[in-house]
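Please read the structure below before turning to the comments.
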Protein chains: 4
Amino acid sequence: MAKKVRIGVLGAGRIGKLHITNLCQSVPDADVIAVADPFLNDETAAWCKDLGVQVTSKDPEVVFSNPDIDAVFICSSTNTHAEFIMKAAAAGKHIFCEKPIHTDLAKIREALDAVEKAGVKLQVGFVRRFDHNHKKVHDVVASGQLGAPHIVKVASRDPEGPPMSYVEVSGGIFMDMMIHDFDMVRYLSCSEVTEVSAYGAVRTNPDYAKYDDVDTAIVMLKFENGAIGVIDNSRQANYGYDQRTEVHCDKGCVQVSNDLDNQAMISTRDGVEIAKPTWFFLERYNNAFIQEAKDFTDAILNDKETPVKGIDGLMPVMIAMAAKKSLDEGRSVKLSEIG
Amino acid sequence: MAKKVRIGVLGAGRIGKLHITNLCQSVPDADVIAVADPFLNDETAAWCKDLGVQVTSKDPEVVFSNPDIDAVFICSSTNTHAEFIMKAAAAGKHIFCEKPIHTDLAKIREALDAVEKAGVKLQVGFVRRFDHNHKKVHDVVASGQLGAPHIVKVASRDPEGPPMSYVEVSGGIFMDMMIHDFDMVRYLSCSEVTEVSAYGAVRTNPDYAKYDDVDTAIVMLKFENGAIGVIDNSRQANYGYDQRTEVHCDKGCVQVSNDLDNQAMISTRDGVEIAKPTWFFLERYNNAFIQEAKDFTDAILNDKETPVKGIDGLMPVMIAMAAKKSLDEGRSVKLSEIG
Amino acid sequence: MAKKVRIGVLGAGRIGKLHITNLCQSVPDADVIAVADPFLNDETAAWCKDLGVQVTSKDPEVVFSNPDIDAVFICSSTNTHAEFIMKAAAAGKHIFCEKPIHTDLAKIREALDAVEKAGVKLQVGFVRRFDHNHKKVHDVVASGQLGAPHIVKVASRDPEGPPMSYVEVSGGIFMDMMIHDFDMVRYLSCSEVTEVSAYGAVRTNPDYAKYDDVDTAIVMLKFENGAIGVIDNSRQANYGYDQRTEVHCDKGCVQVSNDLDNQAMISTRDGVEIAKPTWFFLERYNNAFIQEAKDFTDAILNDKETPVKGIDGLMPVMIAMAAKKSLDEGRSVKLSEIG
Amino acid sequence: MAKKVRIGVLGAGRIGKLHITNLCQSVPDADVIAVADPFLNDETAAWCKDLGVQVTSKDPEVVFSNPDIDAVFICSSTNTHAEFIMKAAAAGKHIFCEKPIHTDLAKIREALDAVEKAGVKLQVGFVRRFDHNHKKVHDVVASGQLGAPHIVKVASRDPEGPPMSYVEVSGGIFMDMMIHDFDMVRYLSCSEVTEVSAYGAVRTNPDYAKYDDVDTAIVMLKFENGAIGVIDNSRQANYGYDQRTEVHCDKGCVQVSNDLDNQAMISTRDGVEIAKPTWFFLERYNNAFIQEAKDFTDAILNDKETPVKGIDGLMPVMIAMAAKKSLDEGRSVKLSEIG
């Protein structure tokens, strides 16, 4: 293999462009050779060329059939993820896939089987694992310095809700938003979720109810290692992106507060003001997006395990399904009831 | 009525002595005339005299039958609370009663009926309402400046668990420890709890299981006003008393962190150290205990409503019962199922 | 000596009343027997009686000549301090004296000589030494855990300036306000000041210039142990009482920020607000005032050294004089040039 | 002019490589065409090629004589700055120059004259102005929302001292290290320094004295707008890079604390630990270095004023000279005495 990982990107929407930019400018070991998007327009094509991408196309085959390409970044719409994983695996290419792999467990398993059979590497885009804050919580827990985990907590709130057109196709708050937190609690607890119980409410916009969805949710969790936990989500935290995690352990507690725009404190007769949290995921997880891409190329170049594997793509989907079932049925639901 | 409220205290254990000290030294409008405790020893009697208390006795009748006494502080064991409330009411005395009133709903209702019939004032000892931090959260929510509450959160952890001899008679974590937090969420949400769902775990000492109890618990709650909430409890936070509250609302969020021993930050090559939270409730809620006593005497002298009334003694007990039922039955439990 | 220290208080103005209240309510080992103030009115006399003080008078002799009195609290106007110290010493009474002892070095020395000759204890009212925050800084430095001090910093700002009538007789910012900080740097550095250099400015009210005074000042200091330091003062910090200290040492740094009214953080679209510092010295140093009185009675009852001695009353006055000389002459001034 | 600014870099040492990396990877409007360094080795040349730089040479003439080059980055040793500025100006190229321009005022003025005569743009590398924290302080002061500045404070401490070989040629703490802070106080106060007074001490290593230097220094300052200020420096803050600024104004105070490695808090029986400040200037001012380069190319492409101009290169050198004079002579020194 060449010194750099030659990459084809599938999907050039918001998240695709983010990865293309990072791969071109901030990941020295990556070389983006081709970008394919069925809706590719001239502007995006020019933008890609400007970044040094040689091939742009509406046809994903330019990626799959190109023997120079070592790896693909799947940034297309969710319903294409599983299919593209299987095509990439068949072509012997390593795979970075945005979350979720699919909302159907059978499709996920089929895709993971294909990956395993092909012997290629797969990394799922749970970017928050690469955040300096959450990673610190994980590292402290994983080190064992605080003893066994007792309580795992995540507060995760978006600054503003998406448009209702998105809500309609989002798969619901558990599959679309809290799925990141389901991954996070697995990461922080260093254990698997075995059971969940969910409460939800429509508080910010009555239209959520039209789509059998909620905008505010709390989910309790039980873990294999005996810990219990809780996640809260809100679609609307108008002060910014609220992303706090905490693990209370036998010998103490580790918790992280939000990154702020700056460290300023302004004190006047009227009160004391500090900076707001960084606005949304593009700001907050900017460095994390770069780091996950670096870790992916590193795994390929040095034949290491990817830091977020296939099972990490499967489990959060199962937990999301259990949470929805709990909300619908008003009872605690075991993961073993799913799939 | 005289310029000062003349008080008889029932129970001179740890919490009784705390109230006696505060009433004598820090509540100018209070005058402690008598202290009765069935286990009163010479040392405690001398200590009372030293503080200016005229009458000390093992017999509570010295309080109830004394026409000079305007009000009683019931600080005796839980099983006597309801009976003493009724005796005090019958004697026409105002009543401050430590929590919980009773663990039997019928007894609580009987006591509250007696209070209402007698037309005396009753205040229940949910001291945390008088803490400068939690009160700020309540005041912000109650002011409406942040709009409707969406998520109510309480983290409440003791520095170390009680002896097993206490656990055995405690009534369990929900009735003994989380009951304070059940009051707190009612206070912070400005609403009533309608439904709860509980998870629990034995993490610090396997002996809790012997008494059908847990040492770690999370309870989700639904509120009449549409908000949802969550409380987490641990019997063991060996860094100190962890008492944080938060209400996420339509227009923003208000949250409070812990009071610390001091504001020092020590930075060295090895790291940066800040002070620990104040150790336990005696330190953390010291001023709150004084304030609740002041508000009680103020309510009497100026014929105001007491800030924590009979209903506030009843509801947390009902919520605790619902939480235990949820834990036992693995399902969400409505308050309407209780009592 | 009796189990309690029997005290006579001289001066019942603001600071006198503060000490009387603390001694009566919060210092179990103290018994205030007499209060004398030349301007004593009926209201204050009644207030004293209410607190249990037996004797009130306009004549300080009721204190000096009373053989039952063990110790005096000198809370009268500054120009009487030295004289009252000498009278108290002559009467064999222990002495607590508010700062400064005098603004004339000869008078201070005369008073200190009298104290030494009489063999009574003297404590000067530099209350900030008893603050939990500054004490922590001192303790860390004194422990040696951070090695030798390199830089000592104090920011000390009042919420609002005094009336000009007070400024006129105050003795100037160095003698009236920064004198506390001169004591503080001696306390924090565990060393003596040897040289100072001062800058000053009139920024809040041009009237300060009329009295050859400034409202904003910075003073650099050199210490016997080789450290250097800086103090800044402002008469006007309209966000509250700003009291921060810091010692940068060979192995690290210890610093303290302000106590806040509460630990709340309110986050909205408009920004994030935290609580203001406690408003002024009565709030911020409330517990410190109680602690200094307790330490004084403890020193007497158990024949210990007082925590703030005669030399601690002398040195800050000398430093203040050197600072004024530096400001006037535009040069660095050695302490050896003073007195 | 082309859409991108074509740049030649003079000097490929640590700071040169930093700028080359940023210009190539993070400044879309910049195109590094040539790099010249008299000590250029094969490794560095290859590194440059790898980043897309076409020309590498030991001869600076490849930059000055190349008509395709629009602007130069002067990152060579201090003694070459003024000469290179004049050569670049003569060649009609815009100039980014690392600080200080020179340690001789006449040379600086000569260079600035050449720049003005040539009509090219000059930006001096005071990178801290582009830090999100200090910029916030400046912006708040400049907005006038807090009224007139009264006290300007800067704490600026390096994690560890440079080797003595560097100290020997550094020009001393004021010219080498505090010069950044002299620029900072001008930036934060929105005013000019008129007078300074300096204290210094050798605390970390006695060898500083050999070079007539100190490792610990405090400088008081007076400003044209009536404010006063203070800077403290230490060559050794072994907890990391300590960079705090503060402006106390008529209506309030704005201050910034350090950026930390992360927002984690770890609480155990032994204490509470938070993260250390980012280690040194490469970490702390990483984004600021990128921003200053972006602002430079923006000034060229859109014919704006550069954000740090020639006068900003001259004044800090004058203040540093005045500070050294004050330290040597033990008196306050006016800027008008310099140059």
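Identifiers in this document derive from the order of the structure tokens: chains are assigned A, B, ..., residues are numbered from 1 separately in each chain, and ligands are numbered from 1 in order of occurrence.
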Inset, instruction - Within 9 Å of segment 258-272 of chain A, counting only C-alpha atoms, which residues show up once you throw out same-chain ones fewer than 5 positions away? Write them as a PyMOL selection string, please. - result: (chain A and resi 133+241-244+277-279+284) or (chain C and resi 237-240+272-277) or (chain D and resi 132-134+136-137+140+146+251-259+262-263)
Could you write out the selected residues, including C-alpha atoms, as an mmCIF file, in the first residue's frame?
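The file below, result20.cif, is the result:
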```cif
data_model
loop_
_atom_site.group_PDB
_atom_site.id
_atom_site.type_symbol
_atom_site.label_atom_id
_atom_site.label_comp_id
_atom_site.auth_asym_id
_atom_site.auth_seq_id
_atom_site.Cartn_x
_atom_site.Cartn_y
_atom_site.Cartn_z
ATOM 1 C CA ASN A 133 -13.692 15.803 26.912
ATOM 2 C CA TYR A 241 -25.007 22.658 22.116
ATOM 3 C CA ASP A 242 -25.156 21.080 25.569
ATOM 4 C CA GLN A 243 -22.959 18.002 25.793
ATOM 5 C CA ARG A 244 -22.066 16.857 29.279
ATOM 6 C CA PRO A 277 -21.075 26.760 24.900
ATOM 7 C CA THR A 278 -19.761 26.330 21.384
ATOM 8 C CA TRP A 279 -22.814 26.565 19.149
ATOM 9 C CA ARG A 284 -17.832 21.468 19.239
ATOM 10 C CA ALA C 237 -15.958 47.577 41.483
ATOM 11 C CA ASN C 238 -19.656 47.893 40.943
ATOM 12 C CA TYR C 239 -20.099 44.130 40.516
ATOM 13 C CA GLY C 240 -19.257 43.615 44.193
ATOM 14 C CA VAL C 272 -24.707 32.657 30.333
ATOM 15 C CA GLU C 273 -25.012 34.310 33.706
ATOM 16 C CA ILE C 274 -23.428 33.292 36.979
ATOM 17 C CA ALA C 275 -23.796 34.846 40.417
ATOM 18 C CA LYS C 276 -21.995 37.980 41.505
ATOM 19 C CA PRO C 277 -19.368 37.998 44.260
ATOM 20 C CA HIS D 132 -10.131 34.212 21.170
ATOM 21 C CA ASN D 133 -9.724 35.080 24.838
ATOM 22 C CA HIS D 134 -7.611 38.226 24.741
ATOM 23 C CA LYS D 136 -12.740 39.167 23.702
ATOM 24 C CA VAL D 137 -11.236 41.365 26.440
ATOM 25 C CA VAL D 140 -15.367 44.462 25.327
ATOM 26 C CA LEU D 146 -17.748 49.004 30.458
ATOM 27 C CA LYS D 251 -18.688 50.058 34.924
ATOM 28 C CA GLY D 252 -17.229 46.625 35.508
ATOM 29 C CA CYS D 253 -14.451 44.200 34.814
ATOM 30 C CA VAL D 254 -13.629 41.792 32.003
ATOM 31 C CA GLN D 255 -11.132 39.019 32.574
ATOM 32 C CA VAL D 256 -10.061 35.775 30.940
ATOM 33 C CA SER D 257 -8.657 32.647 32.486
ATOM 34 C CA ASN D 258 -6.590 30.025 30.706
ATOM 35 C CA ASP D 259 -7.727 27.558 28.100
ATOM 36 C CA ASN D 262 -10.234 19.600 28.640
ATOM 37 C CA GLN D 263 -13.278 20.332 30.805
#
```
Inset, instruction - Taking the chain letters and numbering used in this document, name the residues of segment 8-234 of chain C that DSSP puts in strand (DSSP E), as JSON, numbers by chain. - result: {"C": [8, 9, 10, 30, 31, 32, 33, 34, 35, 36, 55, 56, 57, 71, 72, 73, 74, 94, 95, 96, 97, 122, 123, 124, 149, 150, 151, 152, 153, 154, 155, 156, 157, 193, 194, 195, 196, 197, 198, 199, 200, 201, 216, 217, 218, 219, 220, 221, 222, 223, 228, 229, 230, 231, 232, 233, 234]}
Inset, instruction - Excluding segment 163-177 of chain B and residues on its chain fewer than 4 positions from it, collect all residues at most 6 Å away from it, counting only C-alpha atoms, and give them as number ranges by chain. - result: B: 211, 213, 320
Legend entry - Near-Ile74 of chain D list (8 Å; only C-alpha atoms; drop same-chain fewer than 5 positions) as a list of chain:residue names: D:Val9, D:Leu10, D:Gly11, D:His81, D:Phe84, D:Ile85, D:Ile95, D:Phe96, D:Cys97, D:Glu98
Inset, instruction - Please report as a list in words which residues of chain D come no farther than 6 Å from chain C, using only C-alpha atoms. - result: Gly330, Arg331 and Ser332 of chain D
Could the residues in this selection be written to a file with N, CA, C and O atoms, as a PDB file, in the first residue's frame?
```
ATOM      1  N   GLY D 330      16.015  51.891  39.511  1.00  0.00           N
ATOM      2  CA  GLY D 330      15.176  51.911  40.712  1.00  0.00           C
ATOM      3  C   GLY D 330      14.207  53.068  40.765  1.00  0.00           C
ATOM      4  O   GLY D 330      13.897  53.586  41.834  1.00  0.00           O
ATOM      5  N   ARG D 331      13.707  53.478  39.607  1.00  0.00           N
ATOM      6  CA  ARG D 331      12.766  54.595  39.574  1.00  0.00           C
ATOM      7  C   ARG D 331      11.793  54.409  38.402  1.00  0.00           C
ATOM      8  O   ARG D 331      12.018  53.603  37.504  1.00  0.00           O
ATOM      9  N   SER D 332      10.747  55.181  38.451  1.00  0.00           N
ATOM     10  CA  SER D 332       9.756  55.178  37.381  1.00  0.00           C
ATOM     11  C   SER D 332      10.343  55.892  36.167  1.00  0.00           C
ATOM     12  O   SER D 332      10.984  56.937  36.311  1.00  0.00           O
TER      13      SER D 332
END
```
Inset, instruction - Please identify which residues in segment 135-174 of chain A DSSP calls helix (DSSP H, G or I) from the backbone, and express them as a list in words. - result: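 Taking segment 135-174 of chain A and keeping helix (DSSP H, G or I) only, one gets Lys135, Lys136, Val137, His138, Asp139, Val140, Val141, Ala142, Ser143, Met164, Ser165, Tyr166, Val167, Glu168, Val169, Ile173 and Phe174 of chain A.
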Legend entry - Contacts of Ile300 of chain B at 12 Å (only C-alpha atoms; same-chain gap of 6+ positions) as JSON, numbers by chain: {"B": [1, 2, 3, 4, 5, 6, 7, 29, 30, 70, 71, 72, 93, 94, 95, 96, 119, 120, 121, 122, 123, 293, 294, 306, 307]}
Excluding same-chain residues fewer than 5 positions from Leu335 of chain A, what lies within 9 Å of it counting only C-alpha atoms, as a PDB file with N, CA and C atoms, in the first residue's frame?
```pdb
ATOM      1  N   VAL A 193     -25.208  -2.261  27.312  1.00  0.00           N
ATOM      2  CA  VAL A 193     -26.538  -1.976  27.845  1.00  0.00           C
ATOM      3  C   VAL A 193     -27.377  -3.254  27.790  1.00  0.00           C
ATOM      4  N   THR A 194     -28.104  -3.524  28.866  1.00  0.00           N
ATOM      5  CA  THR A 194     -28.940  -4.732  28.881  1.00  0.00           C
ATOM      6  C   THR A 194     -30.429  -4.421  28.945  1.00  0.00           C
ATOM      7  N   GLU A 195     -30.776  -3.199  29.386  1.00  0.00           N
ATOM      8  CA  GLU A 195     -32.195  -2.893  29.576  1.00  0.00           C
ATOM      9  C   GLU A 195     -32.379  -1.386  29.600  1.00  0.00           C
ATOM     10  N   VAL A 196     -33.505  -0.907  29.089  1.00  0.00           N
ATOM     11  CA  VAL A 196     -33.760   0.536  29.101  1.00  0.00           C
ATOM     12  C   VAL A 196     -35.200   0.827  29.473  1.00  0.00           C
ATOM     13  N   MET A 318     -29.958  -1.161  18.295  1.00  0.00           N
ATOM     14  CA  MET A 318     -30.780  -2.038  19.134  1.00  0.00           C
ATOM     15  C   MET A 318     -31.289  -1.295  20.372  1.00  0.00           C
ATOM     16  N   ILE A 319     -30.421  -0.500  20.963  1.00  0.00           N
ATOM     17  CA  ILE A 319     -30.837   0.250  22.165  1.00  0.00           C
ATOM     18  C   ILE A 319     -31.929   1.254  21.800  1.00  0.00           C
ATOM     19  N   MET A 321     -34.107   0.992  19.456  1.00  0.00           N
ATOM     20  CA  MET A 321     -35.352   0.238  19.275  1.00  0.00           C
ATOM     21  C   MET A 321     -35.988  -0.109  20.619  1.00  0.00           C
ATOM     22  N   ALA A 322     -35.151  -0.502  21.554  1.00  0.00           N
ATOM     23  CA  ALA A 322     -35.665  -0.838  22.888  1.00  0.00           C
ATOM     24  C   ALA A 322     -36.247   0.394  23.570  1.00  0.00           C
TER      25      ALA A 322
END
```
Inset, instruction - For Phe130 of chain C, please output as a list in words all residues within 7 Å (counting only C-alpha atoms; exclusion window: fewer than 5 positions along the same chain). - result: Lys135, Ala288, Gln291 and Glu292 of chain C
